[in-house]
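Content type mmCIF, C-alpha atoms and all ligand atoms; chains and numbers go by the auth columns, from the file input.cif:
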data_input
#
loop_
_atom_site.group_PDB
_atom_site.id
_atom_site.type_symbol
_atom_site.label_atom_id
_atom_site.label_comp_id
_atom_site.label_asym_id
_atom_site.label_seq_id
_atom_site.Cartn_x
_atom_site.Cartn_y
_atom_site.Cartn_z
_atom_site.B_iso_or_equiv
_atom_site.auth_seq_id
_atom_site.auth_asym_id
ATOM 1 C CA MET A 1 -11.725 11.826 9.628 0.00 1 A
ATOM 2 C CA LYS A 2 -11.013 10.696 6.109 0.00 2 A
ATOM 3 C CA HIS A 3 -8.831 11.734 3.219 0.00 3 A
ATOM 4 C CA PRO A 4 -8.888 10.251 -0.306 0.00 4 A
ATOM 5 C CA ILE A 5 -5.832 8.330 -1.524 0.00 5 A
ATOM 6 C CA CYS A 6 -7.059 7.531 -5.026 0.00 6 A
ATOM 7 C CA LYS A 7 -10.089 6.816 -7.201 0.00 7 A
ATOM 8 C CA THR A 8 -11.036 3.150 -7.376 0.00 8 A
ATOM 9 C CA GLY A 9 -11.166 3.539 -11.165 0.00 9 A
ATOM 10 C CA ASP A 10 -7.450 4.386 -11.174 0.00 10 A
ATOM 11 C CA MET A 11 -6.502 1.049 -9.654 0.00 11 A
ATOM 12 C CA PRO A 12 -4.005 -1.133 -11.527 0.00 12 A
ATOM 13 C CA PRO A 13 -5.024 -4.662 -12.579 0.00 13 A
ATOM 14 C CA GLU A 14 -4.632 -7.464 -10.046 0.00 14 A
ATOM 15 C CA GLY A 15 -0.995 -8.454 -9.518 0.00 15 A
ATOM 16 C CA LYS A 16 0.206 -4.897 -10.135 0.00 16 A
ATOM 17 C CA ALA A 17 0.521 -1.969 -7.757 0.00 17 A
ATOM 18 C CA ARG A 18 0.506 1.755 -8.255 0.00 18 A
ATOM 19 C CA VAL A 19 1.985 4.541 -6.161 0.00 19 A
ATOM 20 C CA PHE A 20 -0.187 7.550 -5.358 0.00 20 A
ATOM 21 C CA PRO A 21 1.063 10.838 -3.867 0.00 21 A
ATOM 22 C CA PHE A 22 -0.322 11.258 -0.356 0.00 22 A
ATOM 23 C CA PHE A 23 0.923 13.984 2.012 0.00 23 A
ATOM 24 C CA GLY A 24 4.571 13.568 1.075 0.00 24 A
ATOM 25 C CA CYS A 25 4.581 9.782 1.152 0.00 25 A
ATOM 26 C CA GLU A 26 3.634 7.508 -1.694 0.00 26 A
ATOM 27 C CA PRO A 27 1.713 4.408 -0.617 0.00 27 A
ATOM 28 C CA GLN A 28 1.545 1.377 -2.856 0.00 28 A
ATOM 29 C CA VAL A 29 -2.082 0.561 -3.712 0.00 29 A
ATOM 30 C CA TRP A 30 -3.222 -2.756 -5.205 0.00 30 A
ATOM 31 C CA ARG A 31 -6.060 -5.268 -5.448 0.00 31 A
ATOM 32 C CA THR A 32 -6.168 -8.647 -3.754 0.00 32 A
ATOM 33 C CA GLY A 33 -9.359 -10.293 -4.982 0.00 33 A
ATOM 34 C CA VAL A 34 -12.164 -7.853 -4.201 0.00 34 A
ATOM 35 C CA ARG A 35 -10.075 -6.081 -1.577 0.00 35 A
ATOM 36 C CA ILE A 36 -8.107 -2.915 -2.265 0.00 36 A
ATOM 37 C CA ARG A 37 -5.079 -2.469 -0.053 0.00 37 A
ATOM 38 C CA ALA A 38 -2.575 0.298 0.584 0.00 38 A
ATOM 39 C CA ALA A 39 0.793 0.021 2.301 0.00 39 A
ATOM 40 C CA ALA A 40 3.740 2.266 2.963 0.00 40 A
ATOM 41 C CA SER A 41 6.184 2.023 0.076 0.00 41 A
ATOM 42 C CA GLU A 42 9.169 1.974 2.373 0.00 42 A
ATOM 43 C CA CYS A 43 11.267 -1.031 3.328 0.00 43 A
ATOM 44 C CA LEU A 44 11.327 -1.903 7.001 0.00 44 A
ATOM 45 C CA HIS A 45 15.074 -2.541 6.980 0.00 45 A
ATOM 46 C CA LEU A 46 16.525 0.907 6.258 0.00 46 A
ATOM 47 C CA GLY A 47 13.706 2.621 4.375 0.00 47 A
ATOM 48 C CA GLY A 48 14.600 1.673 0.811 0.00 48 A
ATOM 49 C CA PRO A 49 12.017 2.180 -1.936 0.00 49 A
ATOM 50 C CA LEU A 50 9.805 -0.794 -2.851 0.00 50 A
ATOM 51 C CA GLU A 51 8.959 -1.915 -6.370 0.00 51 A
ATOM 52 C CA CYS A 52 6.174 -4.292 -7.347 0.00 52 A
ATOM 53 C CA LYS A 53 7.728 -7.350 -9.022 0.00 53 A
ATOM 54 C CA ASP A 54 6.325 -10.847 -9.551 0.00 54 A
ATOM 55 C CA GLY A 55 3.670 -10.679 -6.838 0.00 55 A
ATOM 56 C CA ALA A 56 5.883 -9.056 -4.237 0.00 56 A
ATOM 57 C CA PHE A 57 7.214 -5.697 -3.162 0.00 57 A
ATOM 58 C CA VAL A 58 10.974 -5.795 -3.530 0.00 58 A
ATOM 59 C CA CYS A 59 13.367 -3.370 -1.900 0.00 59 A
ATOM 60 C CA SER A 60 15.690 -1.721 -4.421 0.00 60 A
ATOM 61 C CA TRP A 61 18.491 -1.331 -1.887 0.00 61 A
ATOM 62 C CA HIS A 62 19.113 -4.793 -0.422 0.00 62 A
ATOM 63 C CA GLY A 63 16.445 -7.020 -1.968 0.00 63 A
ATOM 64 C CA ALA A 64 13.973 -7.657 0.891 0.00 64 A
ATOM 65 C CA ARG A 65 10.708 -9.128 -0.452 0.00 65 A
ATOM 66 C CA PHE A 66 7.253 -8.486 1.005 0.00 66 A
ATOM 67 C CA HIS A 67 4.280 -10.583 -0.140 0.00 67 A
ATOM 68 C CA MET A 68 1.453 -8.623 -1.744 0.00 68 A
ATOM 69 C CA ALA A 69 -1.179 -10.798 -0.049 0.00 69 A
ATOM 70 C CA ASP A 70 -0.367 -9.702 3.484 0.00 70 A
ATOM 71 C CA GLY A 71 2.766 -7.528 3.398 0.00 71 A
ATOM 72 C CA SER A 72 4.831 -10.142 5.204 0.00 72 A
ATOM 73 C CA ALA A 73 8.520 -10.864 4.725 0.00 73 A
ATOM 74 C CA PRO A 74 10.381 -14.102 5.552 0.00 74 A
ATOM 75 C CA ALA A 75 12.141 -12.444 8.516 0.00 75 A
ATOM 76 C CA GLY A 76 8.751 -11.826 10.159 0.00 76 A
ATOM 77 C CA ALA A 77 8.492 -8.136 9.325 0.00 77 A
ATOM 78 C CA ARG A 78 5.275 -6.798 7.853 0.00 78 A
ATOM 79 C CA LEU A 79 4.616 -3.659 5.821 0.00 79 A
ATOM 80 C CA MET A 80 2.661 -0.887 7.483 0.00 80 A
ATOM 81 C CA PHE A 81 -0.965 -0.773 6.334 0.00 81 A
ATOM 82 C CA PRO A 82 -2.796 2.481 6.975 0.00 82 A
ATOM 83 C CA LEU A 83 -6.472 2.073 7.868 0.00 83 A
ATOM 84 C CA THR A 84 -8.421 2.516 4.649 0.00 84 A
ATOM 85 C CA ARG A 85 -11.979 2.142 3.438 0.00 85 A
ATOM 86 C CA ILE A 86 -13.855 2.469 0.180 0.00 86 A
ATOM 87 C CA GLY A 87 -15.948 5.619 0.247 0.00 87 A
ATOM 88 C CA GLY A 88 -18.043 6.108 -2.871 0.00 88 A
ATOM 89 C CA GLU A 89 -15.584 5.682 -5.720 0.00 89 A
ATOM 90 C CA GLU A 90 -12.485 6.449 -3.666 0.00 90 A
ATOM 91 C CA LEU A 91 -10.043 4.623 -1.455 0.00 91 A
ATOM 92 C CA VAL A 92 -9.823 6.799 1.642 0.00 92 A
ATOM 93 C CA TYR A 93 -7.394 6.904 4.536 0.00 93 A
ATOM 94 C CA VAL A 94 -9.306 6.887 7.825 0.00 94 A
ATOM 95 C CA TRP A 95 -8.080 8.024 11.224 0.00 95 A
ATOM 96 C CA GLY A 96 -9.588 8.980 14.527 0.00 96 A
ATOM 97 C CA GLU A 97 -12.541 6.588 14.200 0.00 97 A
ATOM 98 C CA THR A 98 -13.322 3.725 16.519 0.00 98 A
ATOM 99 C CA PRO A 99 -14.331 0.469 14.849 0.00 99 A
HETATM 100 S S1 LIG B . 16.651 -1.090 3.010 0.00 1 B
HETATM 101 FE FE1 LIG B . 15.398 -2.611 2.184 0.00 1 B
HETATM 102 S S2 LIG B . 16.470 -4.461 2.431 0.00 1 B
HETATM 103 FE FE2 LIG B . 17.735 -2.939 3.248 0.00 1 B
#

Would you kindly transcribe this structure into structure tokens?
Amino acid sequence: MKHPICKTGDMPPEGKARVFPFFGCEPQVWRTGVRIRAAASECLHLGGPLECKDGAFVCSWHGARFHMADGSAPAGARLMFPLTRIGGEELVYVWGETP
């Protein structure tokens, strides 16, 4: 099954991220080269909101930083990436499919 997150034409320029409403959560969506990625916009420490700053997602509550390239943080944590694909001109969330 699939559900659209956003139109590919609504993507921010590389190095920036944009939040899109999606079933009560707001994933961060951004470009890394030709790849479009989406990740939960919630810090893995205590769930603080993340902001895109200087090539990283930074938690507003206690300052954890997650790299935009792979969602990793120095402590070894990694942002949650929902399975997504490009479908037509949309970034879609995909579930229930086998690779
Ligand atoms: S909730 Fe994000 S660093 Fe604590």

Once the PyMOL selection byres (((chain A and resi 34) around 12) and not hetatm) has been evaluated on this model, what residues remain selected, and can you format them as a VMD selection string? chain A and resid 8 11 13 to 14 30 to 33 35 to 37 86

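Excluding Ala64 in chain A and any residue on its chain fewer than 5 positions from it, the residues at most 9 Å away by all atoms listed in the file are Cys43, Leu44, His45, Leu50, Phe57, Val58, Cys59, Ala73 and Pro74 of chain A.
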
Ligand LIG 1 (chain B), all listed atoms, 6 Å padding on each side: what axis-aligned box centre and edge lengths in Å to one decimal come out, as JSON?
{"center_x": 16.6, "center_y": -2.8, "center_z": 2.7, "size_x": 14.3, "size_y": 15.4, "size_z": 13.1}

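Applied to the file shown here, the PyMOL selection byres (((chain A and resi 18) around 7) and not hetatm) selects the residues Pro12, Lys16, Ala17, Val19, Phe20, Gln28, Val29 and Trp30 of chain A.
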
What does the PyMOL selection byres (((chain A and resi 40) around 6) and not hetatm) select in this file, as a VMD selection string? chain A and resid 27 39 41 to 42 80

With distances taken over only C-alpha atoms, the candidate from A:Gly76, A:Ala38, A:Met1, A:Ser60 nearest Glu26 in chain A is A:Ala38

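Minimum atom-to-atom distances from A:Gly96, A:Pro82, A:Gly88, A:Gly48 to ligand LIG 1 (chain B) were compared using all atoms listed in the file, and the lowest value belongs to A:Gly48.
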
Quick one: pull the distance between CA of Gly15 in chain A and CA of Trp95 in chain A, Å, one decimal. 27.4 Å

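Interatomic distance, CA of Cys52 in chain A against CA of Thr84 in chain A: 20.1 Å.
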
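Across the model, the gap from CA of Lys2 in chain A to CA of Ala69 in chain A is 24.4 Å.
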